[in-house]
Amino acid sequence: MSAPSMSTKPSPTVTSKRDLIEYLASGCKPPEKWLIGTEHEKFAYRLSDLRPLTYEGDQGVQMMLDKLTRFGWTPVAEDGHVIALVQKDGSSITLEPAGQLELSGAPLGTIHETCKEVGTHLQQVKSVAAEMGIGFLGVGYQPKWPRTEMPWMPKNRYAIMQKYMPTRGGLGLDMMQSTCTVQVNLDFDSEATMVKMFRVSLALQPIATALFANSPFKEGKPSGYLSYRSHIWTDTDPDRTGNLPFVFEDGFGFERYVDYMLDVPMYFVYRNGTYINATGQSFRDFMNGKLPALPGELPTLKDWEDHLTTAFPEVRLKKFLEMRGADGGPWSRLCALPALWVGLLYDGGALDHAWDLVKDWTLEEHNQLRANVPEHALNTPFRSTTVGDIALDVLECAHEGLVRRKRLDGVGLDESRFLKPLFQIAESGLTPAEDLLFAYERRWKGCVDPIFREYAY
């Protein structure tokens with residue numbers, strides 16, 4: 001989650017649906033200005049007992065954030081609690097509901113820069129961790145502790161969601177407290193390009209889920225899923241999750257996505273540093289001055305920007321597109337995710353090839369992939385082949401796209417090298433989750449505790 005805005009500039013009032021459409025369209029920029037924003041979350045835990053960090057205390061999240069300020073981060077507080085850190089370059093460190101630590105990276109020009117940014121961040125948090133006796137783990141779902149034993153961070157937004165989530169699905173609180181992901185945010189130059197990118201990335205999101213499947217455990221035992229994190233989203237508030245079939249319909253564009261978001265019930269309105277509960281209320285009513293939470297008041301573009309963050313489809317549109325289908329993982333795969341999507345979407349030839357691959361997939365097939373991949377990952381059947389075979393085709397396409405981009409590092413290597421961990425997964429047919437299960441069954445002898453040592457950052 002992005003850090004709260006520190007801007008004091010008044011946000012324009014929304015006067016019509018056209019304002020909302022133009023807000024999305026304002027993200028269009030020429031390809032030479034396209035950037036890459038990578039985000040990743042990780043679990044923090046005490047080395048002494050492997051339990052997640054509480055907010056307060058000598059081994060708490062507050063102390064961890066305070067120590068990170070030595071690296072030039074500026075704290076952001078809410079009700080007297082530091083809940084985020086920000087940098088002038090646009091990067092931020094924020095807290096997920098149970099204290100998962102998220103780096104929202106700055107918009108950067110190449111994956112080489114992204115990897116350098118991630119490496120610098122991990123060096124910083126590891127230096128703080130060594131002083132505090134804590135560790136960090138990159139997986140998709142908390143492998144050991146029940147959700148009921150996970151803490152809550154002191155953020156008003158989360159307090160609102162905590163009460164509302166159980167009314168709209170069985171696993172919403174698990175999503176909030178027990179999951180970690182890695183995602184990448186990408187640009188587009190026009191509505192037509194956005195539509196094509198959205199369709200390709202939404203269709204192929206299950207392929208990314210399979211390649212990054214890294215959450216096989218729940219409460220210390222195999223869950224029956226290779227990506228339990230992905231499965232959780234199938235029972236989390238159907239009003240704001242899912243496959244978005246309208247994306248593949250004729251006429252899809254900025255306006256159709258605005259219509260979708262206007263039908264997504266609200267969570268809150270942010271005013272004067274306070275989150276006002278507006279759960280279940282309508283942004284359409286807000287635009288007519290009839291929002292029960294703020295009667296007579298009209299929304300601003302900042303309210304619209306906030307509302308856009310409360311929908312959780314596999315691909316999300318803001319002024320850019322967010323790829324949201326991957327489990328959290330180790331350092332190498334944090335660089336591999338942007339490599340996959342940049343290779344597919346930022347090269348015209350690769351994008352055309354990927355569209356040819358998915359353009360005749362039916363709604364039923366999209367839904368089958370979404371339902372089956374969390375359990376079977378690369379072994380999921382599809383038509384006459386498997387997701388694993390499709391993944392190899394997709395990786396070849398992304399590789400070619402990255403080679404054609406010709407973004408070289410200091411020793412002349414292009415960005416395609418960051419796909420290596422994914423080729424190893426696809427070619428072996430074994431996901432990271434299956435590696436974890438093998439370890440659990442053999443050398444760990446039915447105990448998940450060693451994951452906190454062997455797979456820590």
# chains A, B, ... in the order shown; residues from 1 in each chain; ligands from 1
>>> residues_around(residues="A:Gly446", least_positions_apart="3", cutoff="10 Å", atoms="only C-alpha atoms", output="MDAnalysis selection string")
chainID A and resid 220:222 437:443 449
>>> write_last_selection(atoms="N, CA and C atoms", output="PDB file, in the first residue's frame")
ATOM      1  N   GLY A 220       1.339 -24.178   9.794  1.00  0.00           N
ATOM      2  CA  GLY A 220       2.365 -25.188  10.000  1.00  0.00           C
ATOM      3  C   GLY A 220       2.190 -26.474   9.237  1.00  0.00           C
ATOM      4  N   LYS A 221       1.159 -26.557   8.401  1.00  0.00           N
ATOM      5  CA  LYS A 221       0.895 -27.783   7.650  1.00  0.00           C
ATOM      6  C   LYS A 221       0.639 -27.443   6.181  1.00  0.00           C
ATOM      7  N   PRO A 222       0.836 -28.432   5.273  1.00  0.00           N
ATOM      8  CA  PRO A 222       0.463 -28.179   3.881  1.00  0.00           C
ATOM      9  C   PRO A 222      -1.011 -27.819   3.781  1.00  0.00           C
ATOM     10  N   LEU A 437       7.598 -27.876  -0.133  1.00  0.00           N
ATOM     11  CA  LEU A 437       6.934 -29.096   0.319  1.00  0.00           C
ATOM     12  C   LEU A 437       7.910 -30.272   0.395  1.00  0.00           C
ATOM     13  N   PHE A 438       8.822 -30.357  -0.574  1.00  0.00           N
ATOM     14  CA  PHE A 438       9.847 -31.409  -0.508  1.00  0.00           C
ATOM     15  C   PHE A 438      10.689 -31.251   0.754  1.00  0.00           C
ATOM     16  N   ALA A 439      11.089 -30.019   1.035  1.00  0.00           N
ATOM     17  CA  ALA A 439      11.885 -29.771   2.242  1.00  0.00           C
ATOM     18  C   ALA A 439      11.103 -30.139   3.493  1.00  0.00           C
ATOM     19  N   TYR A 440       9.836 -29.784   3.524  1.00  0.00           N
ATOM     20  CA  TYR A 440       8.985 -30.086   4.684  1.00  0.00           C
ATOM     21  C   TYR A 440       8.874 -31.591   4.908  1.00  0.00           C
ATOM     22  N   GLU A 441       8.688 -32.324   3.832  1.00  0.00           N
ATOM     23  CA  GLU A 441       8.481 -33.770   3.947  1.00  0.00           C
ATOM     24  C   GLU A 441       9.764 -34.533   4.248  1.00  0.00           C
ATOM     25  N   ARG A 442      10.913 -33.960   3.849  1.00  0.00           N
ATOM     26  CA  ARG A 442      12.174 -34.685   3.990  1.00  0.00           C
ATOM     27  C   ARG A 442      13.040 -34.073   5.090  1.00  0.00           C
ATOM     28  N   ARG A 443      13.858 -33.087   4.737  1.00  0.00           N
ATOM     29  CA  ARG A 443      14.842 -32.659   5.714  1.00  0.00           C
ATOM     30  C   ARG A 443      14.243 -31.903   6.895  1.00  0.00           C
ATOM     31  N   ASP A 449       9.247 -24.766  10.830  1.00  0.00           N
ATOM     32  CA  ASP A 449      10.132 -23.776  11.455  1.00  0.00           C
ATOM     33  C   ASP A 449      11.405 -23.498  10.670  1.00  0.00           C
TER      34      ASP A 449
END
>>> residues_around(residues="A:Thr54", least_positions_apart="6", cutoff="10 Å", atoms="only C-alpha atoms", output="PDB file with N, CA and C atoms, in the first residue's frame")
ATOM      1  N   ALA A  44       7.958  -9.863   8.858  1.00  0.00           N
ATOM      2  CA  ALA A  44       8.981  -9.629   9.872  1.00  0.00           C
ATOM      3  C   ALA A  44       8.650 -10.493  11.086  1.00  0.00           C
ATOM      4  N   TYR A  45       9.676 -11.060  11.716  1.00  0.00           N
ATOM      5  CA  TYR A  45       9.437 -11.964  12.852  1.00  0.00           C
ATOM      6  C   TYR A  45      10.622 -11.908  13.812  1.00  0.00           C
ATOM      7  N   ARG A  46      10.363 -12.293  15.056  1.00  0.00           N
ATOM      8  CA  ARG A  46      11.405 -12.354  16.067  1.00  0.00           C
ATOM      9  C   ARG A  46      12.188 -13.644  15.901  1.00  0.00           C
ATOM     10  N   GLY A  60       9.695  -4.204  18.168  1.00  0.00           N
ATOM     11  CA  GLY A  60       8.458  -3.885  17.486  1.00  0.00           C
ATOM     12  C   GLY A  60       8.644  -3.152  16.176  1.00  0.00           C
ATOM     13  N   VAL A  61       7.568  -3.053  15.443  1.00  0.00           N
ATOM     14  CA  VAL A  61       7.566  -2.397  14.137  1.00  0.00           C
ATOM     15  C   VAL A  61       7.913  -0.924  14.267  1.00  0.00           C
ATOM     16  N   GLN A  62       7.410  -0.282  15.311  1.00  0.00           N
ATOM     17  CA  GLN A  62       7.712   1.141  15.492  1.00  0.00           C
ATOM     18  C   GLN A  62       9.212   1.378  15.640  1.00  0.00           C
ATOM     19  N   ALA A  98      -0.878  -6.670   9.376  1.00  0.00           N
ATOM     20  CA  ALA A  98      -0.262  -7.393  10.484  1.00  0.00           C
ATOM     21  C   ALA A  98       1.224  -7.063  10.623  1.00  0.00           C
ATOM     22  N   GLY A  99       1.646  -5.958  10.044  1.00  0.00           N
ATOM     23  CA  GLY A  99       3.033  -5.551  10.159  1.00  0.00           C
ATOM     24  C   GLY A  99       3.924  -6.024   9.045  1.00  0.00           C
ATOM     25  N   MET A 150      -2.093 -13.238  14.715  1.00  0.00           N
ATOM     26  CA  MET A 150      -1.366 -12.167  14.046  1.00  0.00           C
ATOM     27  C   MET A 150      -1.771 -10.820  14.640  1.00  0.00           C
ATOM     28  N   PRO A 151      -0.841  -9.869  14.734  1.00  0.00           N
ATOM     29  CA  PRO A 151      -1.165  -8.558  15.313  1.00  0.00           C
ATOM     30  C   PRO A 151      -1.904  -7.669  14.321  1.00  0.00           C
ATOM     31  N   TRP A 152      -2.363  -6.522  14.797  1.00  0.00           N
ATOM     32  CA  TRP A 152      -2.927  -5.472  13.959  1.00  0.00           C
ATOM     33  C   TRP A 152      -2.101  -4.205  14.129  1.00  0.00           C
ATOM     34  N   MET A 153      -1.827  -3.541  13.036  1.00  0.00           N
ATOM     35  CA  MET A 153      -1.109  -2.278  13.086  1.00  0.00           C
ATOM     36  C   MET A 153      -2.100  -1.129  13.350  1.00  0.00           C
TER      37      MET A 153
END
>>> residues_around(residues="A:Pro421", least_positions_apart="2", cutoff="8 Å", atoms="only C-alpha atoms", output="list in words")
Ser332, Arg333, Ala336, Phe418, Leu419, Phe423, Gln424 and Ile425 of chain A
>>> residues_around(residues="A:Ile390", least_positions_apart="3", cutoff="10 Å", atoms="only C-alpha atoms", output="ChimeraX atom specification")
/A:204,207,357,378,382,385-387,393-396,426
>>> closest_residue(among="A:Leu422, A:Leu47, A:Leu122, A:Met161", to="A:Leu103", atoms="only C-alpha atoms")
A:Leu122
>>> residues_around(residues="stretch 137-145 of chain A", least_positions_apart="6", cutoff="7 Å", atoms="only C-alpha atoms", output="compact mmCIF listing (two decimals) with N, CA and C atoms, in the first residue's frame")
# COMPACT_ATOMS: atom_id res chain seq x y z
N LYS A 42 7.01 -8.38 2.82
CA LYS A 42 7.71 -9.47 3.51
C LYS A 42 7.26 -9.53 4.96
N PHE A 43 7.34 -10.73 5.53
CA PHE A 43 6.97 -10.93 6.92
C PHE A 43 8.17 -10.64 7.81
N ALA A 44 7.96 -9.86 8.86
CA ALA A 44 8.98 -9.63 9.87
C ALA A 44 8.65 -10.49 11.09
N SER A 178 -2.23 -12.12 6.59
CA SER A 178 -1.37 -13.30 6.42
C SER A 178 -0.77 -13.47 5.04
N THR A 179 -0.89 -12.47 4.15
CA THR A 179 -0.37 -12.63 2.81
C THR A 179 0.72 -11.60 2.50
N CYS A 180 1.57 -11.97 1.55
CA CYS A 180 2.60 -11.08 1.00
C CYS A 180 2.68 -11.30 -0.50
N THR A 181 2.92 -10.23 -1.23
CA THR A 181 2.97 -10.30 -2.69
C THR A 181 4.13 -9.48 -3.22
N ASN A 214 4.26 -19.81 -4.13
CA ASN A 214 5.24 -19.88 -3.06
C ASN A 214 4.55 -19.79 -1.69
N SER A 215 3.38 -20.41 -1.59
CA SER A 215 2.64 -20.35 -0.32
C SER A 215 1.86 -21.65 -0.09
N PHE A 217 1.84 -23.53 2.72
CA PHE A 217 1.57 -23.88 4.12
C PHE A 217 0.52 -22.98 4.75
N LYS A 218 -0.21 -23.56 5.69
CA LYS A 218 -1.13 -22.80 6.53
C LYS A 218 -1.08 -23.41 7.92
N GLU A 219 -0.78 -22.58 8.89
CA GLU A 219 -0.73 -23.00 10.30
C GLU A 219 0.19 -24.21 10.49
N GLY A 220 1.34 -24.18 9.79
CA GLY A 220 2.37 -25.19 10.00
C GLY A 220 2.19 -26.47 9.24
N TYR A 228 -1.56 -20.63 -1.73
CA TYR A 228 -2.71 -20.40 -0.87
C TYR A 228 -3.07 -18.92 -0.87
N ARG A 229 -2.08 -18.06 -1.04
CA ARG A 229 -2.36 -16.63 -1.16
C ARG A 229 -3.34 -16.36 -2.29
N ASP A 327 2.91 -14.42 -5.72
CA ASP A 327 3.31 -14.58 -4.31
C ASP A 327 4.62 -13.86 -4.05
N GLY A 328 4.81 -13.41 -2.81
CA GLY A 328 6.10 -12.90 -2.40
C GLY A 328 7.16 -13.98 -2.48
N GLY A 329 8.43 -13.55 -2.58
CA GLY A 329 9.50 -14.53 -2.72
C GLY A 329 10.86 -13.94 -2.42
N PRO A 330 11.90 -14.66 -2.75
CA PRO A 330 13.27 -14.21 -2.47
C PRO A 330 13.72 -13.10 -3.42
N VAL A 448 7.60 -26.72 9.88
CA VAL A 448 7.85 -25.57 9.00
C VAL A 448 8.87 -24.60 9.58
N PHE A 452 12.03 -20.32 8.30
CA PHE A 452 12.41 -19.00 8.79
C PHE A 452 13.93 -18.82 8.82
N TYR A 455 15.03 -19.74 4.33
CA TYR A 455 14.47 -18.89 3.28
C TYR A 455 14.35 -17.42 3.71
N ALA A 456 15.04 -17.05 4.78
CA ALA A 456 15.03 -15.66 5.23
C ALA A 456 15.83 -14.80 4.27
N TYR A 457 15.50 -13.50 4.21
CA TYR A 457 16.29 -12.57 3.40
C TYR A 457 17.69 -12.43 4.00
>>> select_by_dssp(residues="stretch 146-318 of chain A", states="strand (DSSP E)", output="number ranges by chain")
A: 181-186, 217-218, 221-222, 268-271, 274-277, 315-317
>>> closest_residue(among="A:Thr362, A:Thr300, A:Gln59, A:Thr110", to="A:Thr38", atoms="only C-alpha atoms")
A:Thr110
>>> closest_residue(among="A:Cys397, A:Ile83, A:Val269, A:Leu226", to="A:Asn379", atoms="only C-alpha atoms")
A:Leu226
>>> residues_around(residues="stretch 19-21 of chain A", least_positions_apart="3", cutoff="6 Å", atoms="only C-alpha atoms", output="list in words")
Ser16, Leu24, Phe254 and Glu255 of chain A
>>> write_last_selection(atoms="C-alpha atoms", output="tab-separated table (two decimals), in the first residue's frame")
chain	number	residue	atom	x	y	z
A	16	SER	CA	-18.80	14.85	-13.45
A	24	LEU	CA	-7.24	7.74	-15.66
A	254	PHE	CA	-11.27	4.18	-19.39
A	255	GLU	CA	-15.00	4.92	-19.13
>>> closest_residue(among="A:Glu117, A:Glu41, A:Gly242, A:Glu305", to="A:Gln177", atoms="only C-alpha atoms")
A:Glu41
